[in-house]
Amino acid sequence: AEKGLNVEGLELSPFLAEKMREFDRGKYRIPVHCADLHDPPRELEGRYDAVVGFFVLHHLASLQRAFSGVKRLLKAGGRAVFLEPNPANPLYYLQVLLTPGMRWAAEKGIRNMRGSALWREAKAAGMRLEKLERYGFFPPFVANRWWGGIMDRKLERVRILHPILPFQLFFFVRSDGFDSSR
């Protein structure tokens, strides 16, 4: 929004949708729609050039239904980007085990955040996985220090570590036209 883009939010929880509105404090006037990504409101279909999600997919009941919802939100040729945890990184499992309030029941979808699983579910919904990038190494409290960022970038260049880098960016494109008459 600060860069002049038109931004809207979609949140399942009315409580969290209200928290987003409170956080915005009217500064950006970001519309927040309270709805399920599995079944987005009809009036939002085909309106967006891009859909972006941060640590969302691994919490959803059905990836294929989620991708179908994303596809319906996007214009023809629209793109979606999701940041998700890498199931090959053991630190996520330790985080769930050691962090008060985190429960495996809510985080078990991490296991499905493999490129092959997302490719299959996206394809079944009419989306195409274009690219997968992994990055990072340290948790934010380390990476956000000047020396942590330097170490993070150095470790990202070690090819043997790529399969276990903790953060994954999945880039998808809507792979068909959009029929608004449906």
# chains A, B, ... in the order shown; residues from 1 in each chain; ligands from 1
call {"tool": "select_by_dssp", "arguments": {"residues": "chain A", "states": "strand (DSSP E or B)", "output": "PyMOL selection string"}}
result
chain A and resi 9-11+32-34+36+39+48-54+74-85+127-135+167-174
call {"tool": "residues_around", "arguments": {"residues": "stretch 123-130 of chain A", "least_positions_apart": "4", "cutoff": "10 Å", "atoms": "only C-alpha atoms", "output": "PyMOL selection string"}}
result
chain A and resi 63-72+77-81+115-119+170-177
call {"tool": "write_last_selection", "arguments": {"atoms": "N, CA and C atoms", "output": "tab-separated table (two decimals), in the first residue's frame"}}
result
chain	number	residue	atom	x	y	z
A	63	LEU	N	-5.55	-28.20	-0.05
A	63	LEU	CA	-4.74	-27.38	-0.94
A	63	LEU	C	-5.41	-27.20	-2.30
A	64	GLN	N	-6.01	-28.26	-2.81
A	64	GLN	CA	-6.66	-28.15	-4.11
A	64	GLN	C	-7.81	-27.15	-4.07
A	65	ARG	N	-8.61	-27.18	-3.02
A	65	ARG	CA	-9.71	-26.19	-2.89
A	65	ARG	C	-9.14	-24.79	-2.71
A	66	ALA	N	-8.02	-24.66	-1.98
A	66	ALA	CA	-7.39	-23.35	-1.80
A	66	ALA	C	-6.92	-22.81	-3.15
A	67	PHE	N	-6.26	-23.65	-3.94
A	67	PHE	CA	-5.80	-23.20	-5.26
A	67	PHE	C	-6.96	-22.89	-6.19
A	68	SER	N	-8.04	-23.64	-6.08
A	68	SER	CA	-9.24	-23.32	-6.87
A	68	SER	C	-9.77	-21.95	-6.49
A	69	GLY	N	-9.77	-21.65	-5.18
A	69	GLY	CA	-10.21	-20.33	-4.72
A	69	GLY	C	-9.29	-19.23	-5.22
A	70	VAL	N	-7.97	-19.47	-5.15
A	70	VAL	CA	-7.00	-18.49	-5.64
A	70	VAL	C	-7.22	-18.26	-7.13
A	71	LYS	N	-7.41	-19.33	-7.87
A	71	LYS	CA	-7.64	-19.21	-9.32
A	71	LYS	C	-8.85	-18.35	-9.61
A	72	ARG	N	-9.92	-18.55	-8.84
A	72	ARG	CA	-11.14	-17.76	-9.06
A	72	ARG	C	-10.92	-16.28	-8.73
A	77	GLY	N	-4.18	-15.13	-16.44
A	77	GLY	CA	-2.74	-14.90	-16.41
A	77	GLY	C	-2.24	-14.35	-15.09
A	78	GLY	N	-3.13	-14.20	-14.11
A	78	GLY	CA	-2.73	-13.69	-12.80
A	78	GLY	C	-1.77	-14.61	-12.08
A	79	ARG	N	-1.07	-14.05	-11.12
A	79	ARG	CA	-0.03	-14.79	-10.42
A	79	ARG	C	-0.32	-14.86	-8.92
A	80	ALA	N	0.20	-15.90	-8.31
A	80	ALA	CA	0.09	-16.06	-6.86
A	80	ALA	C	1.47	-16.42	-6.33
A	81	VAL	N	1.79	-15.87	-5.17
A	81	VAL	CA	3.06	-16.17	-4.50
A	81	VAL	C	2.74	-16.50	-3.06
A	115	GLY	N	7.44	-29.14	-2.95
A	115	GLY	CA	7.16	-28.68	-4.30
A	115	GLY	C	6.29	-29.65	-5.09
A	116	SER	N	6.55	-30.95	-4.96
A	116	SER	CA	5.78	-31.94	-5.72
A	116	SER	C	4.32	-31.95	-5.29
A	117	ALA	N	4.05	-31.84	-4.01
A	117	ALA	CA	2.66	-31.83	-3.51
A	117	ALA	C	1.93	-30.57	-3.97
A	118	LEU	N	2.60	-29.43	-3.86
A	118	LEU	CA	1.95	-28.18	-4.28
A	118	LEU	C	1.76	-28.14	-5.79
A	119	TRP	N	2.73	-28.65	-6.54
A	119	TRP	CA	2.60	-28.71	-7.99
A	119	TRP	C	1.36	-29.52	-8.37
A	170	PHE	N	6.84	-19.98	-3.32
A	170	PHE	CA	6.22	-20.69	-4.43
A	170	PHE	C	5.55	-19.68	-5.34
A	171	PHE	N	5.89	-19.71	-6.63
A	171	PHE	CA	5.34	-18.80	-7.63
A	171	PHE	C	4.41	-19.59	-8.54
A	172	PHE	N	3.15	-19.17	-8.59
A	172	PHE	CA	2.14	-19.84	-9.41
A	172	PHE	C	1.57	-18.87	-10.43
A	173	VAL	N	1.04	-19.40	-11.51
A	173	VAL	CA	0.33	-18.59	-12.50
A	173	VAL	C	-0.97	-19.31	-12.83
A	174	ARG	N	-1.99	-18.52	-13.04
A	174	ARG	CA	-3.27	-19.06	-13.48
A	174	ARG	C	-3.07	-19.55	-14.91
A	175	SER	N	-3.33	-20.82	-15.15
A	175	SER	CA	-2.93	-21.42	-16.42
A	175	SER	C	-4.04	-21.51	-17.45
A	176	ASP	N	-5.13	-20.79	-17.24
A	176	ASP	CA	-6.19	-20.79	-18.24
A	176	ASP	C	-6.89	-19.45	-18.24
A	177	GLY	N	-7.83	-19.26	-19.14
A	177	GLY	CA	-8.61	-18.03	-19.18
A	177	GLY	C	-9.63	-17.99	-18.06
call {"tool": "select_by_dssp", "arguments": {"residues": "stretch 3-113 of chain A", "states": "alpha helix (DSSP H)", "output": "PyMOL selection string"}}
result
chain A and resi 14-24+63-73+90-98+104-107
call {"tool": "residues_around", "arguments": {"residues": "stretch 86-98 of chain A", "least_positions_apart": "6", "cutoff": "6 Å", "atoms": "only C-alpha atoms", "output": "ChimeraX atom specification"}}
result
/A:110-111,164,166-167
call {"tool": "write_last_selection", "arguments": {"atoms": "N, CA, C and O atoms", "output": "PDB file, in the first residue's frame"}}
result
ATOM      1  N   ILE A 110       2.615 -28.536   7.475  1.00  0.00           N
ATOM      2  CA  ILE A 110       3.994 -28.279   7.031  1.00  0.00           C
ATOM      3  C   ILE A 110       4.483 -29.439   6.171  1.00  0.00           C
ATOM      4  O   ILE A 110       5.182 -29.233   5.180  1.00  0.00           O
ATOM      5  N   ARG A 111       4.080 -30.643   6.517  1.00  0.00           N
ATOM      6  CA  ARG A 111       4.531 -31.829   5.760  1.00  0.00           C
ATOM      7  C   ARG A 111       4.134 -31.748   4.287  1.00  0.00           C
ATOM      8  O   ARG A 111       4.776 -32.356   3.437  1.00  0.00           O
ATOM      9  N   ILE A 164      17.406 -27.686   2.477  1.00  0.00           N
ATOM     10  CA  ILE A 164      16.885 -27.508   3.838  1.00  0.00           C
ATOM     11  C   ILE A 164      16.725 -26.046   4.257  1.00  0.00           C
ATOM     12  O   ILE A 164      16.376 -25.770   5.405  1.00  0.00           O
ATOM     13  N   PRO A 166      15.081 -22.783   5.249  1.00  0.00           N
ATOM     14  CA  PRO A 166      13.779 -22.814   5.926  1.00  0.00           C
ATOM     15  C   PRO A 166      12.612 -22.141   5.220  1.00  0.00           C
ATOM     16  O   PRO A 166      11.463 -22.532   5.411  1.00  0.00           O
ATOM     17  N   PHE A 167      12.861 -21.131   4.402  1.00  0.00           N
ATOM     18  CA  PHE A 167      11.768 -20.381   3.796  1.00  0.00           C
ATOM     19  C   PHE A 167      11.651 -20.720   2.318  1.00  0.00           C
ATOM     20  O   PHE A 167      12.641 -20.756   1.596  1.00  0.00           O
TER      21      PHE A 167
END
call {"tool": "atom_distance", "arguments": {"atom1": "atom CA of A:Glu156", "atom2": "atom CA of A:Pro85"}}
result
15.6 Å
call {"tool": "residues_around", "arguments": {"residues": "A:Tyr28", "least_positions_apart": "2", "cutoff": "8 Å", "atoms": "only C-alpha atoms", "output": "ChimeraX atom specification"}}
result
/A:1-2,24-26,30
call {"tool": "closest_residue", "arguments": {"among": "A:Glu121, A:Asp152, A:Glu8, A:Glu133", "to": "A:Arg47", "atoms": "only C-alpha atoms"}}
result
A:Glu8
call {"tool": "atom_distance", "arguments": {"atom1": "atom CA of A:Val32", "atom2": "atom CA of A:Met20"}}
result
7.4 Å
call {"tool": "residues_around", "arguments": {"residues": "A:Ala35", "least_positions_apart": "3", "cutoff": "8 Å", "atoms": "only C-alpha atoms", "output": "list in words"}}
result
Leu10, Glu11, Leu12, Ser13, Asp39, Pro40 and Pro41 of chain A
call {"tool": "closest_residue", "arguments": {"among": "A:Lys27, A:Ala122, A:Met102, A:Ala17", "to": "A:Ser62", "atoms": "only C-alpha atoms"}}
result
A:Ala122
call {"tool": "closest_residue", "arguments": {"among": "A:Gly136, A:Gly101, A:Val51, A:Leu37", "to": "A:Gly149", "atoms": "only C-alpha atoms"}}
result
A:Gly136
call {"tool": "residues_around", "arguments": {"residues": "A:Arg134", "least_positions_apart": "3", "cutoff": "8 Å", "atoms": "only C-alpha atoms", "output": "VMD selection string"}}
result
chain A and resid 162 to 163 165 to 169
call {"tool": "write_last_selection", "arguments": {"atoms": "N, CA, C and O atoms", "output": "mmCIF file, in the first residue's frame"}}
result
data_model
loop_
_atom_site.group_PDB
_atom_site.id
_atom_site.type_symbol
_atom_site.label_atom_id
_atom_site.label_comp_id
_atom_site.auth_asym_id
_atom_site.auth_seq_id
_atom_site.Cartn_x
_atom_site.Cartn_y
_atom_site.Cartn_z
ATOM 1 N N HIS A 162 20.736 -25.904 0.118
ATOM 2 C CA HIS A 162 19.490 -25.455 -0.514
ATOM 3 C C HIS A 162 18.270 -26.308 -0.175
ATOM 4 O O HIS A 162 17.193 -25.754 0.072
ATOM 5 N N PRO A 163 18.393 -27.632 -0.157
ATOM 6 C CA PRO A 163 17.192 -28.426 0.143
ATOM 7 C C PRO A 163 16.611 -28.196 1.542
ATOM 8 O O PRO A 163 15.435 -28.470 1.759
ATOM 9 N N LEU A 165 16.974 -25.101 3.355
ATOM 10 C CA LEU A 165 16.763 -23.700 3.728
ATOM 11 C C LEU A 165 15.320 -23.536 4.193
ATOM 12 O O LEU A 165 14.402 -24.102 3.602
ATOM 13 N N PRO A 166 15.081 -22.783 5.249
ATOM 14 C CA PRO A 166 13.779 -22.814 5.926
ATOM 15 C C PRO A 166 12.612 -22.141 5.220
ATOM 16 O O PRO A 166 11.463 -22.532 5.411
ATOM 17 N N PHE A 167 12.861 -21.131 4.402
ATOM 18 C CA PHE A 167 11.768 -20.381 3.796
ATOM 19 C C PHE A 167 11.651 -20.720 2.318
ATOM 20 O O PHE A 167 12.641 -20.756 1.596
ATOM 21 N N GLN A 168 10.421 -20.954 1.878
ATOM 22 C CA GLN A 168 10.167 -21.310 0.490
ATOM 23 C C GLN A 168 9.183 -20.319 -0.121
ATOM 24 O O GLN A 168 8.132 -20.052 0.460
ATOM 25 N N LEU A 169 9.532 -19.813 -1.293
ATOM 26 C CA LEU A 169 8.624 -18.971 -2.070
ATOM 27 C C LEU A 169 8.143 -19.796 -3.253
ATOM 28 O O LEU A 169 8.946 -20.259 -4.065
#
